[in-house]
Amino acid sequence: MDKLRSLLDRALGPSKVLTSPDACLAYAGDDSDQEPVAPDAVVLASSADDIAKAVRAASEAEVPIVPRAGGSGKSGGCVPVAGGVVIATLGMNAIQEISREEQVAVVQPGVILGDLHAAVEAEGMFFPPDPNSLRMCALGGNIAENAAGPRAFKYGSTRDYVLGLEVVLVDGTQLRTGKRTVKGVTGYDVTSLLVGSEGTLAITTAATLRLIPKPHAVTTLLALFPDVQASGRAVSAMIAAGVRPRCIELLDEGTLDAVRVRGVAVDERARAMLIIEVDGEPSDCDAQAERIGEVCAAEAIDILVAQDAAQRDRLWEARRQLSPATRAMARFKISEDVVVPRDRIPALLEETRAIERETGVRMITYGHAGDGNLHVNLLWNDEELLPRVEEALNRLFLSVVGMRGTLTGEHGVGTSKADFLAMEQQPELIALQKRIKGVFDPKGLLNPHKIFPRRQLEAASV
Ligand code: 2HG
Ligand code: ZN
């Protein structure tokens with residue numbers, strides 16, 4: 001690694017390169033259950049040129065290169081599992097432009113998503129993607145993982161808002177992809193390929209984002225149900241009735257106490273709840289809320305409307321804190337990110353109960369039910385239960401794939417789901433993706449062991 005250090009020092013100057021074990025440790029993990037691994041060096045990038053220099057040095061030393069923005073990912077995407085150099089882009093945090101006329105923003109990868117929201121909303125515009133980590137996640141990671149969040153139900157995921165990218169390739173080339181216009185079909189859609197590629201193809205140095213007008217009004221509803229199946233049926237009924245709230249979030253019984261603790265009054269009879277939010281013009285919101293009330297009436301115990309911004313904020317704060325709150329519920333937790341066709345939500349919920357009964361592993365579920373995207377959390381205290389946890393996970397994934405669902409809706413494959421890729425995708429599709437990876441990164445240096453199972457990559461390189 002001495003070669004790497006001297007190449008990096010020479011290219012960037014020692015002030016931008018961290019090599020002490022203590023400093024590197026801060027760049028070892030993310031917010032997933034994946035084991036942290038300290039890199040050999042960290043580059044604190046402040047420009048695209050820095051990234052290009054770092055990438056060239058790492059390529060020359062033939063060491064892994066792992067891009068990292070906010071480090072709040074949920075699938076091990078920025079964990080330097082094979083060591084090498086982490087390129088930290090959090091210091092590149094300028095919102096370079098916000099244009100009301102064009103409804104676009106240009107941002108660097110270290111911009112915190114919540115800061116972008118505030119900046120564009122102050123100008124009457126809106127950037128919809130809203131993963132729950134929005135106060136600490138950064139755009140570089142959101143783009144790498146194609147992050148989504150509750151509002152994706154109406155507005156789609158990050159990819160739907162990325163018009164163009166500036167990236168650095170593994171040989172140090174700086175490349176612009178995409179466009180600034182809202183329409184354009186020139187050439188292959190490389191931008192869309194790069195969004196969600198989990199840092200395995202290129203490193204984002206800037207992004208041109210599409211904005212939309214900020215909705216004038218928002219109404220938030222809380223619907224309480226006697227059991228989780230009833231809440232699942234209500235989701236299906238809303239989809240079938242064609243109502244289009246911006247969010248439909250489901251919380252099962254296991255999560256309700258975590259919400260109560262945060263000051264949200266939840267009727268003791270409730271065993272599940274939906275947070276449903278509509279937006280648009282004020283009169284439109286009233287009509288949508290009324291229609292949702294009618295559609296859910298057959299299943300719900302009660303439907304409440306948040307009376308003011310403070311009530312709404314309390315509810316969302318409780319929802320956003322579910323990930324850390326559920327982590328505190330047991331010694332060990334794995335959080336999944338499965339998606340099923342919306343009419344299969346009741347079947348998936350039933351299946352989690354069956355798996356729980358048969359394996360003894362506690363499962364609680366919450367998430368973006370409007371998209372069929374549920375975070376099934378497996379919780380356990382006894383290390384010896386691990387084989388049952390693996391069995392539970394396998395069963396869950398097989399059921400999801402059997403329902404024509406997908407293993408990850410918004411967290412990415414990273415290392416956490418790499419070993420399960422073949423459960424969902426046919427071998428030819430995996431082989432095709434590996435060939436694409438080979439075109440961008442012939443030596444396999446960029447974020448190795450992400451997306452593709454480690455043993456398959458090793459076998460392929462023999
Ligand atoms: C959420 O929706 C996040 O809260 C995190 O995607 C989910 O950690 C989780 O289970
Ligand atoms: Zn989520």
# chains A, B, ... in the order shown; residues from 1 in each chain; ligands from 1
$ residues_around --residues "segment 160-174 of chain A" --least-positions-apart "4" --cutoff "9 Å" --atoms "only C-alpha atoms" --output "PyMOL selection string"
chain A and resi 48-49+51-56+58-59+65+104+127-129+143+155-156+178-183+191-192+194-195+201-211+440-442+445-446
$ write_last_selection --atoms "N, CA and C atoms" --output "compact mmCIF listing (two decimals), in the first residue's frame"
# COMPACT_ATOMS: atom_id res chain seq x y z
N ALA A 48 -13.80 17.74 -9.26
CA ALA A 48 -13.74 16.62 -10.21
C ALA A 48 -12.29 16.30 -10.55
N ASP A 49 -11.45 17.33 -10.59
CA ASP A 49 -10.03 17.08 -10.89
C ASP A 49 -9.38 16.22 -9.81
N ILE A 51 -10.85 14.03 -8.04
CA ILE A 51 -11.33 12.64 -8.21
C ILE A 51 -10.57 11.98 -9.37
N ALA A 52 -10.40 12.73 -10.44
CA ALA A 52 -9.69 12.16 -11.59
C ALA A 52 -8.26 11.78 -11.20
N LYS A 53 -7.63 12.66 -10.42
CA LYS A 53 -6.23 12.37 -10.01
C LYS A 53 -6.19 11.13 -9.11
N ALA A 54 -7.15 11.07 -8.18
CA ALA A 54 -7.18 9.95 -7.24
C ALA A 54 -7.42 8.64 -7.98
N VAL A 55 -8.31 8.68 -8.93
CA VAL A 55 -8.66 7.47 -9.68
C VAL A 55 -7.46 7.00 -10.51
N ARG A 56 -6.76 7.95 -11.09
CA ARG A 56 -5.58 7.57 -11.89
C ARG A 56 -4.51 6.92 -10.99
N ALA A 58 -4.98 5.39 -8.12
CA ALA A 58 -5.43 4.08 -7.65
C ALA A 58 -5.37 3.05 -8.79
N SER A 59 -5.69 3.50 -10.00
CA SER A 59 -5.62 2.57 -11.14
C SER A 59 -4.18 2.13 -11.38
N ILE A 65 -11.26 1.13 -5.76
CA ILE A 65 -11.66 2.53 -5.62
C ILE A 65 -13.13 2.52 -5.19
N VAL A 104 -34.51 23.43 -13.28
CA VAL A 104 -33.43 22.47 -13.07
C VAL A 104 -32.53 22.97 -11.93
N PHE A 127 -38.18 18.97 -5.36
CA PHE A 127 -37.41 17.81 -5.80
C PHE A 127 -37.97 16.63 -5.01
N PRO A 128 -38.80 15.79 -5.63
CA PRO A 128 -39.59 14.82 -4.85
C PRO A 128 -38.86 13.72 -4.10
N PRO A 129 -37.77 13.11 -4.62
CA PRO A 129 -37.22 11.96 -3.88
C PRO A 129 -36.93 12.32 -2.42
N ILE A 143 -27.96 9.09 -6.10
CA ILE A 143 -27.86 8.76 -7.54
C ILE A 143 -27.28 7.35 -7.71
N TYR A 155 -44.39 10.22 -7.37
CA TYR A 155 -43.42 11.00 -8.15
C TYR A 155 -42.25 10.21 -8.73
N GLY A 156 -42.10 8.94 -8.34
CA GLY A 156 -40.99 8.16 -8.88
C GLY A 156 -39.71 8.33 -8.06
N GLY A 178 -26.04 12.65 -20.84
CA GLY A 178 -27.42 13.16 -20.74
C GLY A 178 -27.56 14.54 -21.32
N LYS A 179 -28.39 15.34 -20.66
CA LYS A 179 -28.80 16.61 -21.25
C LYS A 179 -29.28 17.55 -20.16
N ARG A 180 -29.67 18.75 -20.58
CA ARG A 180 -30.22 19.71 -19.64
C ARG A 180 -31.70 19.95 -19.98
N THR A 181 -32.06 19.57 -21.19
CA THR A 181 -33.44 19.74 -21.61
C THR A 181 -34.31 18.62 -21.02
N VAL A 182 -35.63 18.86 -20.98
CA VAL A 182 -36.48 17.82 -20.40
C VAL A 182 -36.75 16.69 -21.39
N LYS A 183 -36.43 16.95 -22.66
CA LYS A 183 -36.65 15.94 -23.68
C LYS A 183 -35.36 15.74 -24.46
N THR A 191 -27.01 8.00 -18.95
CA THR A 191 -27.34 8.60 -17.64
C THR A 191 -28.16 7.62 -16.81
N SER A 192 -29.19 7.06 -17.43
CA SER A 192 -30.06 6.13 -16.69
C SER A 192 -29.30 4.88 -16.27
N LEU A 194 -26.14 4.82 -15.47
CA LEU A 194 -25.25 5.16 -14.35
C LEU A 194 -26.03 5.35 -13.05
N VAL A 195 -27.27 5.90 -13.16
CA VAL A 195 -28.06 6.05 -11.93
C VAL A 195 -28.44 4.65 -11.45
N LEU A 201 -19.53 1.76 -11.95
CA LEU A 201 -19.20 2.09 -13.34
C LEU A 201 -18.45 3.42 -13.46
N ALA A 202 -18.79 4.38 -12.60
CA ALA A 202 -18.19 5.72 -12.69
C ALA A 202 -18.48 6.45 -11.39
N ILE A 203 -17.80 7.60 -11.20
CA ILE A 203 -18.01 8.38 -9.97
C ILE A 203 -18.64 9.73 -10.35
N THR A 204 -19.78 10.03 -9.76
CA THR A 204 -20.48 11.27 -10.08
C THR A 204 -19.75 12.47 -9.49
N THR A 205 -19.56 13.49 -10.32
CA THR A 205 -18.96 14.74 -9.81
C THR A 205 -19.95 15.91 -9.87
N ALA A 206 -21.01 15.77 -10.67
CA ALA A 206 -22.08 16.79 -10.69
C ALA A 206 -23.31 16.17 -11.35
N ALA A 207 -24.48 16.71 -11.01
CA ALA A 207 -25.71 16.18 -11.61
C ALA A 207 -26.65 17.33 -11.94
N THR A 208 -27.28 17.23 -13.10
CA THR A 208 -28.33 18.18 -13.47
C THR A 208 -29.67 17.51 -13.18
N LEU A 209 -30.44 18.14 -12.31
CA LEU A 209 -31.67 17.52 -11.82
C LEU A 209 -32.90 18.27 -12.30
N ARG A 210 -33.91 17.50 -12.65
CA ARG A 210 -35.20 18.08 -13.04
C ARG A 210 -35.98 18.44 -11.78
N LEU A 211 -36.56 19.62 -11.78
CA LEU A 211 -37.42 20.03 -10.66
C LEU A 211 -38.84 20.16 -11.17
N PHE A 440 -16.76 -0.53 -18.77
CA PHE A 440 -16.43 0.66 -17.99
C PHE A 440 -15.16 0.47 -17.16
N ASP A 441 -14.97 -0.75 -16.70
CA ASP A 441 -13.97 -0.98 -15.64
C ASP A 441 -13.26 -2.32 -15.88
N PRO A 442 -12.39 -2.36 -16.93
CA PRO A 442 -11.83 -3.65 -17.35
C PRO A 442 -11.09 -4.40 -16.24
N LEU A 445 -11.77 -2.52 -10.79
CA LEU A 445 -11.29 -1.77 -9.61
C LEU A 445 -12.39 -0.94 -8.95
N LEU A 446 -13.41 -0.58 -9.72
CA LEU A 446 -14.42 0.35 -9.17
C LEU A 446 -15.45 -0.39 -8.32
$ residues_near_ligand --ligand "ligand 1" --cutoff "10 Å" --atoms "only C-alpha atoms and all ligand atoms" --output "number ranges by chain"
A: 31-33, 72-75, 130-134, 147-150, 249, 319-327, 333-337, 364-368, 373-378, 409-411
$ write_last_selection --atoms "N, CA and C atoms" --output "CSV table (one decimal), in the first residue's frame"
chain,number,residue,atom,x,y,z
A,31,ASP,N,-24.9,2.5,6.8
A,31,ASP,CA,-26.0,2.3,7.8
A,31,ASP,C,-26.7,0.9,7.5
A,32,SER,N,-25.9,-0.1,7.1
A,32,SER,CA,-26.5,-1.4,6.8
A,32,SER,C,-25.9,-2.3,7.9
A,33,ASP,N,-26.3,-3.6,7.8
A,33,ASP,CA,-25.8,-4.6,8.7
A,33,ASP,C,-24.5,-5.2,8.2
A,72,SER,N,-24.7,6.9,4.3
A,72,SER,CA,-25.9,6.4,5.0
A,72,SER,C,-26.6,5.3,4.3
A,73,GLY,N,-25.9,4.6,3.4
A,73,GLY,CA,-26.6,3.6,2.6
A,73,GLY,C,-27.0,2.4,3.4
A,74,LYS,N,-27.9,1.6,2.8
A,74,LYS,CA,-28.5,0.5,3.5
A,74,LYS,C,-28.1,-0.9,3.0
A,75,SER,N,-27.1,-0.9,2.1
A,75,SER,CA,-26.8,-2.2,1.5
A,75,SER,C,-25.3,-2.5,1.4
A,130,ASP,N,-37.4,11.4,-1.5
A,130,ASP,CA,-37.3,11.8,-0.1
A,130,ASP,C,-37.0,10.6,0.8
A,131,PRO,N,-35.8,9.9,0.5
A,131,PRO,CA,-35.5,8.8,1.5
A,131,PRO,C,-35.5,9.3,2.9
A,132,ASN,N,-35.8,8.4,3.8
A,132,ASN,CA,-36.0,8.8,5.2
A,132,ASN,C,-34.7,9.4,5.8
A,133,SER,N,-33.6,9.1,5.3
A,133,SER,CA,-32.3,9.6,5.8
A,133,SER,C,-32.0,11.0,5.2
A,134,LEU,N,-33.0,11.7,4.7
A,134,LEU,CA,-32.8,12.9,3.9
A,134,LEU,C,-31.9,14.0,4.6
A,147,ALA,N,-32.1,6.2,-5.1
A,147,ALA,CA,-32.9,6.3,-3.8
A,147,ALA,C,-34.3,6.7,-4.1
A,148,ALA,N,-35.2,6.4,-3.2
A,148,ALA,CA,-36.6,6.8,-3.5
A,148,ALA,C,-37.2,7.4,-2.2
A,149,GLY,N,-38.0,6.7,-1.4
A,149,GLY,CA,-38.6,7.2,-0.2
A,149,GLY,C,-40.1,7.3,-0.4
A,150,PRO,N,-40.9,7.8,0.6
A,150,PRO,CA,-42.3,7.7,0.6
A,150,PRO,C,-43.0,8.3,-0.6
A,249,GLU,N,-47.9,4.9,3.3
A,249,GLU,CA,-46.9,4.2,4.2
A,249,GLU,C,-47.6,3.3,5.1
A,319,ARG,N,-42.2,8.4,11.8
A,319,ARG,CA,-42.0,7.4,10.7
A,319,ARG,C,-40.5,7.4,10.2
A,320,ARG,N,-39.9,8.6,10.2
A,320,ARG,CA,-38.5,8.6,9.7
A,320,ARG,C,-37.6,7.9,10.7
A,321,GLN,N,-38.0,7.9,12.0
A,321,GLN,CA,-37.1,7.3,13.0
A,321,GLN,C,-37.3,5.8,13.1
A,322,LEU,N,-38.1,5.2,12.3
A,322,LEU,CA,-38.4,3.8,12.5
A,322,LEU,C,-37.2,2.9,12.3
A,323,SER,N,-36.3,3.3,11.4
A,323,SER,CA,-35.2,2.5,11.1
A,323,SER,C,-34.3,2.4,12.4
A,324,PRO,N,-33.9,3.5,13.0
A,324,PRO,CA,-33.1,3.4,14.2
A,324,PRO,C,-33.9,2.8,15.4
A,325,ALA,N,-35.2,3.1,15.4
A,325,ALA,CA,-36.1,2.6,16.5
A,325,ALA,C,-36.1,1.1,16.5
A,326,THR,N,-36.3,0.5,15.3
A,326,THR,CA,-36.4,-0.9,15.2
A,326,THR,C,-35.0,-1.6,15.5
A,327,ARG,N,-34.0,-0.9,15.2
A,327,ARG,CA,-32.6,-1.4,15.5
A,327,ARG,C,-32.5,-1.6,17.0
A,333,LYS,N,-30.4,-7.1,13.9
A,333,LYS,CA,-31.5,-6.8,12.9
A,333,LYS,C,-31.0,-6.8,11.5
A,334,ILE,N,-31.8,-7.4,10.6
A,334,ILE,CA,-31.6,-7.2,9.2
A,334,ILE,C,-32.8,-6.6,8.6
A,335,SER,N,-32.6,-5.5,7.8
A,335,SER,CA,-33.7,-4.8,7.3
A,335,SER,C,-33.8,-5.1,5.8
A,336,GLU,N,-34.9,-5.6,5.3
A,336,GLU,CA,-35.0,-5.9,3.9
A,336,GLU,C,-35.8,-4.8,3.2
A,337,ASP,N,-35.9,-4.9,1.9
A,337,ASP,CA,-36.3,-3.8,1.0
A,337,ASP,C,-37.1,-4.4,-0.2
A,364,ILE,N,-41.0,-7.7,11.7
A,364,ILE,CA,-41.9,-6.6,11.7
A,364,ILE,C,-41.7,-5.9,10.3
A,365,THR,N,-42.8,-5.2,9.9
A,365,THR,CA,-42.8,-4.7,8.6
A,365,THR,C,-43.4,-3.3,8.6
A,366,TYR,N,-42.7,-2.4,7.8
A,366,TYR,CA,-43.2,-1.1,7.5
A,366,TYR,C,-42.7,-0.7,6.2
A,367,GLY,N,-43.2,0.4,5.6
A,367,GLY,CA,-42.6,0.8,4.4
A,367,GLY,C,-43.6,1.4,3.4
A,368,HIS,N,-43.1,1.5,2.2
A,368,HIS,CA,-43.8,2.3,1.1
A,368,HIS,C,-44.8,1.4,0.4
A,373,ASN,N,-43.4,-1.7,-1.8
A,373,ASN,CA,-42.1,-1.8,-1.3
A,373,ASN,C,-42.1,-1.8,0.3
A,374,LEU,N,-41.8,-3.0,0.8
A,374,LEU,CA,-41.9,-3.1,2.3
A,374,LEU,C,-40.6,-3.5,2.9
A,375,HIS,N,-40.3,-2.8,4.0
A,375,HIS,CA,-39.1,-3.1,4.7
A,375,HIS,C,-39.4,-4.1,5.8
A,376,VAL,N,-39.2,-5.4,5.4
A,376,VAL,CA,-39.4,-6.4,6.4
A,376,VAL,C,-38.2,-6.5,7.2
A,377,ASN,N,-38.3,-6.3,8.5
A,377,ASN,CA,-37.2,-6.3,9.4
A,377,ASN,C,-37.1,-7.6,10.2
A,378,LEU,N,-36.0,-8.3,10.2
A,378,LEU,CA,-35.8,-9.6,11.0
A,378,LEU,C,-35.1,-9.2,12.2
A,409,GLY,N,-36.1,-2.4,-3.6
A,409,GLY,CA,-36.8,-1.3,-4.3
A,409,GLY,C,-36.1,0.0,-4.3
A,410,GLU,N,-35.2,0.2,-3.3
A,410,GLU,CA,-34.6,1.5,-3.2
A,410,GLU,C,-33.3,1.5,-2.4
A,411,HIS,N,-32.9,0.4,-1.8
A,411,HIS,CA,-31.6,0.4,-1.0
A,411,HIS,C,-30.4,-0.1,-1.9
$ select_by_dssp --residues "segment 333-414 of chain A" --states "alpha helix (DSSP H)" --output "PDB file with C-alpha atoms, in the first residue's frame"
ATOM      1  CA  ILE A 345     -49.248  -7.066  -0.319  1.00  0.00           C
ATOM      2  CA  PRO A 346     -51.759  -9.013   1.821  1.00  0.00           C
ATOM      3  CA  ALA A 347     -50.164 -12.279   0.631  1.00  0.00           C
ATOM      4  CA  LEU A 348     -46.675 -11.024   1.508  1.00  0.00           C
ATOM      5  CA  LEU A 349     -47.814  -9.914   4.953  1.00  0.00           C
ATOM      6  CA  GLU A 350     -49.390 -13.330   5.499  1.00  0.00           C
ATOM      7  CA  GLU A 351     -46.183 -15.003   4.370  1.00  0.00           C
ATOM      8  CA  THR A 352     -44.068 -13.023   6.881  1.00  0.00           C
ATOM      9  CA  ARG A 353     -46.378 -14.247   9.666  1.00  0.00           C
ATOM     10  CA  ALA A 354     -45.975 -17.839   8.446  1.00  0.00           C
ATOM     11  CA  ILE A 355     -42.172 -17.530   8.235  1.00  0.00           C
ATOM     12  CA  GLU A 356     -42.102 -16.005  11.718  1.00  0.00           C
ATOM     13  CA  ARG A 357     -44.165 -18.879  13.132  1.00  0.00           C
ATOM     14  CA  GLU A 358     -42.074 -21.545  11.461  1.00  0.00           C
ATOM     15  CA  THR A 359     -38.582 -20.160  12.070  1.00  0.00           C
ATOM     16  CA  LEU A 386     -28.580 -17.332  12.775  1.00  0.00           C
ATOM     17  CA  PRO A 387     -29.314 -20.466  10.690  1.00  0.00           C
ATOM     18  CA  ARG A 388     -33.046 -19.831  11.243  1.00  0.00           C
ATOM     19  CA  VAL A 389     -32.555 -16.208  10.195  1.00  0.00           C
ATOM     20  CA  GLU A 390     -30.900 -17.370   6.978  1.00  0.00           C
ATOM     21  CA  GLU A 391     -33.755 -19.792   6.402  1.00  0.00           C
ATOM     22  CA  ALA A 392     -36.279 -16.998   7.038  1.00  0.00           C
ATOM     23  CA  LEU A 393     -34.499 -14.686   4.623  1.00  0.00           C
ATOM     24  CA  ASN A 394     -34.338 -17.326   1.923  1.00  0.00           C
ATOM     25  CA  ARG A 395     -38.010 -18.075   2.292  1.00  0.00           C
ATOM     26  CA  LEU A 396     -38.886 -14.406   2.178  1.00  0.00           C
ATOM     27  CA  PHE A 397     -36.880 -13.835  -1.000  1.00  0.00           C
ATOM     28  CA  LEU A 398     -38.239 -16.947  -2.702  1.00  0.00           C
ATOM     29  CA  SER A 399     -41.800 -15.853  -1.915  1.00  0.00           C
ATOM     30  CA  VAL A 400     -41.155 -12.346  -3.219  1.00  0.00           C
ATOM     31  CA  VAL A 401     -39.620 -13.611  -6.451  1.00  0.00           C
ATOM     32  CA  GLY A 402     -42.456 -16.141  -6.748  1.00  0.00           C
TER      33      GLY A 402
END
$ residues_around --residues "Asp284 of chain A" --least-positions-apart "6" --cutoff "10 Å" --atoms "only C-alpha atoms" --output "JSON, numbers by chain"
{"A": [217, 218, 219, 278, 290]}
$ write_last_selection --atoms "N, CA and C atoms" --output "PDB file, in the first residue's frame"
ATOM      1  N   ALA A 217     -50.590  22.676  -1.625  1.00  0.00           N
ATOM      2  CA  ALA A 217     -51.181  22.208  -0.363  1.00  0.00           C
ATOM      3  C   ALA A 217     -50.887  20.727  -0.165  1.00  0.00           C
ATOM      4  N   VAL A 218     -50.860  20.335   1.105  1.00  0.00           N
ATOM      5  CA  VAL A 218     -50.614  18.930   1.468  1.00  0.00           C
ATOM      6  C   VAL A 218     -51.593  18.564   2.577  1.00  0.00           C
ATOM      7  N   THR A 219     -52.206  17.401   2.473  1.00  0.00           N
ATOM      8  CA  THR A 219     -53.063  16.912   3.569  1.00  0.00           C
ATOM      9  C   THR A 219     -52.570  15.517   3.959  1.00  0.00           C
ATOM     10  N   VAL A 278     -51.737  13.416   0.569  1.00  0.00           N
ATOM     11  CA  VAL A 278     -52.096  13.892  -0.774  1.00  0.00           C
ATOM     12  C   VAL A 278     -51.546  15.301  -0.934  1.00  0.00           C
ATOM     13  N   GLU A 290     -61.246  13.071   0.933  1.00  0.00           N
ATOM     14  CA  GLU A 290     -62.604  12.542   1.127  1.00  0.00           C
ATOM     15  C   GLU A 290     -62.760  11.182   0.438  1.00  0.00           C
TER      16      GLU A 290
END
$ atom_distance --atom1 "atom CA of Ala287 of chain A" --atom2 "atom CA of Thr220 of chain A"
12.9 Å
$ residues_around --residues "segment 23-28 of chain A" --least-positions-apart "6" --cutoff "6 Å" --atoms "only C-alpha atoms" --output "ChimeraX atom specification"
/A:36-39,79
$ write_last_selection --atoms "N, CA and C atoms" --output "PDB file, in the first residue's frame"
ATOM      1  N   PRO A  36     -18.231  -3.496   8.750  1.00  0.00           N
ATOM      2  CA  PRO A  36     -17.353  -2.419   8.261  1.00  0.00           C
ATOM      3  C   PRO A  36     -15.950  -2.936   7.953  1.00  0.00           C
ATOM      4  N   VAL A  37     -15.321  -2.355   6.953  1.00  0.00           N
ATOM      5  CA  VAL A  37     -13.925  -2.699   6.599  1.00  0.00           C
ATOM      6  C   VAL A  37     -13.205  -1.376   6.326  1.00  0.00           C
ATOM      7  N   ALA A  38     -12.127  -1.136   7.054  1.00  0.00           N
ATOM      8  CA  ALA A  38     -11.422   0.139   6.864  1.00  0.00           C
ATOM      9  C   ALA A  38     -10.666   0.140   5.537  1.00  0.00           C
ATOM     10  N   PRO A  39     -10.699   1.254   4.819  1.00  0.00           N
ATOM     11  CA  PRO A  39      -9.893   1.343   3.593  1.00  0.00           C
ATOM     12  C   PRO A  39      -8.423   1.570   3.945  1.00  0.00           C
ATOM     13  N   VAL A  79     -19.054   0.303   1.451  1.00  0.00           N
ATOM     14  CA  VAL A  79     -18.110  -0.371   2.357  1.00  0.00           C
ATOM     15  C   VAL A  79     -16.932  -0.897   1.522  1.00  0.00           C
TER      16      VAL A  79
END
$ residues_around --residues "Lys3 of chain A" --least-positions-apart "6" --cutoff "10 Å" --atoms "only C-alpha atoms" --output "MDAnalysis selection string"
chainID A and resid 9 57:58 60:62
$ closest_residue --among "A:Leu8, A:Ala152, A:Ala118, A:Ile276" --to "ligand 2" --atoms "only C-alpha atoms and all ligand atoms"
A:Ala152
$ residues_around --residues "segment 308-314 of chain A" --least-positions-apart "2" --cutoff "9 Å" --atoms "only C-alpha atoms" --output "ChimeraX atom specification"
/A:219-221,262-264,305-306,316-319
$ write_last_selection --atoms "N, CA and C atoms" --output "short mmCIF file (atom, residue, chain, number, x, y, z; two decimals), in the first residue's frame"
data_model
loop_
_atom_site.label_atom_id
_atom_site.label_comp_id
_atom_site.auth_asym_id
_atom_site.auth_seq_id
_atom_site.Cartn_x
_atom_site.Cartn_y
_atom_site.Cartn_z
N THR A 219 -52.21 17.40 2.47
CA THR A 219 -53.06 16.91 3.57
C THR A 219 -52.57 15.52 3.96
N THR A 220 -52.42 15.32 5.27
CA THR A 220 -51.89 14.05 5.77
C THR A 220 -52.96 13.33 6.57
N LEU A 221 -53.17 12.07 6.22
CA LEU A 221 -54.19 11.26 6.91
C LEU A 221 -53.51 10.12 7.64
N ARG A 262 -43.01 8.52 20.22
CA ARG A 262 -42.66 9.82 19.64
C ARG A 262 -43.84 10.79 19.69
N GLY A 263 -44.82 10.48 20.53
CA GLY A 263 -45.90 11.45 20.78
C GLY A 263 -47.05 11.40 19.79
N VAL A 264 -47.14 10.33 18.99
CA VAL A 264 -48.28 10.19 18.09
C VAL A 264 -49.32 9.32 18.81
N VAL A 305 -57.22 13.18 10.36
CA VAL A 305 -56.52 14.11 9.48
C VAL A 305 -55.60 14.98 10.33
N ALA A 306 -54.33 15.09 9.94
CA ALA A 306 -53.41 15.96 10.70
C ALA A 306 -53.95 17.38 10.65
N TRP A 316 -44.45 12.37 10.73
CA TRP A 316 -43.36 12.02 9.80
C TRP A 316 -42.05 11.79 10.53
N GLU A 317 -41.84 12.57 11.60
CA GLU A 317 -40.61 12.36 12.37
C GLU A 317 -40.61 10.95 12.95
N ALA A 318 -41.79 10.54 13.47
CA ALA A 318 -41.89 9.18 14.03
C ALA A 318 -41.65 8.15 12.94
N ARG A 319 -42.20 8.37 11.77
CA ARG A 319 -42.00 7.43 10.66
C ARG A 319 -40.53 7.38 10.25
#
$ closest_residue --among "A:Val339, A:Leu421, A:Gly444, A:Ile436" --to "ligand 2" --atoms "only C-alpha atoms and all ligand atoms"
A:Val339
$ select_by_dssp --residues "segment 157-363 of chain A" --states "strand (DSSP E)" --output "number ranges by chain"
A: 162-168, 174-178, 203-210, 212-213, 217-225, 247-252, 272-280, 302-305, 332-335, 338-339, 362-363
$ residues_around --residues "Thr415 of chain A" --least-positions-apart "5" --cutoff "9 Å" --atoms "only C-alpha atoms" --output "PyMOL selection string"
chain A and resi 34+75-77+79+81+449-454
$ atom_distance --atom1 "atom CA of Pro341 of chain A" --atom2 "atom CA of Gly370 of chain A"
9.9 Å
$ atom_distance --atom1 "atom CA of Arg159 of chain A" --atom2 "atom CA of Thr186 of chain A"
17.6 Å
$ closest_residue --among "A:Leu90, A:Val338, A:Val439, A:Cys78" --to "ligand 2" --atoms "only C-alpha atoms and all ligand atoms"
A:Val338
$ closest_residue --among "A:Leu113, A:Ile248, A:Met273, A:Val43" --to "ligand 2" --atoms "only C-alpha atoms and all ligand atoms"
A:Ile248
$ closest_residue --among "A:Val120, A:Ala298, A:Ala270, A:Ile275" --to "Ile212 of chain A" --atoms "only C-alpha atoms"
A:Val120
$ decode --residues "segment 102-109 of chain A" --atoms "N, CA and C atoms" --output "PDB file, in the first residue's frame"
ATOM      1  N   GLU A 102     -35.883  27.257 -16.063  1.00  0.00           N
ATOM      2  CA  GLU A 102     -35.708  25.928 -16.668  1.00  0.00           C
ATOM      3  C   GLU A 102     -36.180  24.799 -15.765  1.00  0.00           C
ATOM      4  N   GLN A 103     -36.435  25.118 -14.493  1.00  0.00           N
ATOM      5  CA  GLN A 103     -36.809  24.097 -13.499  1.00  0.00           C
ATOM      6  C   GLN A 103     -35.743  22.996 -13.438  1.00  0.00           C
ATOM      7  N   VAL A 104     -34.511  23.433 -13.285  1.00  0.00           N
ATOM      8  CA  VAL A 104     -33.429  22.471 -13.066  1.00  0.00           C
ATOM      9  C   VAL A 104     -32.529  22.966 -11.932  1.00  0.00           C
ATOM     10  N   ALA A 105     -31.833  22.016 -11.334  1.00  0.00           N
ATOM     11  CA  ALA A 105     -30.788  22.352 -10.371  1.00  0.00           C
ATOM     12  C   ALA A 105     -29.544  21.583 -10.779  1.00  0.00           C
ATOM     13  N   VAL A 106     -28.386  22.200 -10.543  1.00  0.00           N
ATOM     14  CA  VAL A 106     -27.121  21.490 -10.777  1.00  0.00           C
ATOM     15  C   VAL A 106     -26.417  21.381  -9.425  1.00  0.00           C
ATOM     16  N   VAL A 107     -26.085  20.163  -9.049  1.00  0.00           N
ATOM     17  CA  VAL A 107     -25.537  19.937  -7.710  1.00  0.00           C
ATOM     18  C   VAL A 107     -24.273  19.105  -7.773  1.00  0.00           C
ATOM     19  N   GLN A 108     -23.438  19.284  -6.751  1.00  0.00           N
ATOM     20  CA  GLN A 108     -22.294  18.392  -6.569  1.00  0.00           C
ATOM     21  C   GLN A 108     -22.732  17.184  -5.729  1.00  0.00           C
ATOM     22  N   PRO A 109     -21.931  16.124  -5.740  1.00  0.00           N
ATOM     23  CA  PRO A 109     -22.389  14.883  -5.105  1.00  0.00           C
ATOM     24  C   PRO A 109     -22.497  14.935  -3.583  1.00  0.00           C
TER      25      PRO A 109
END
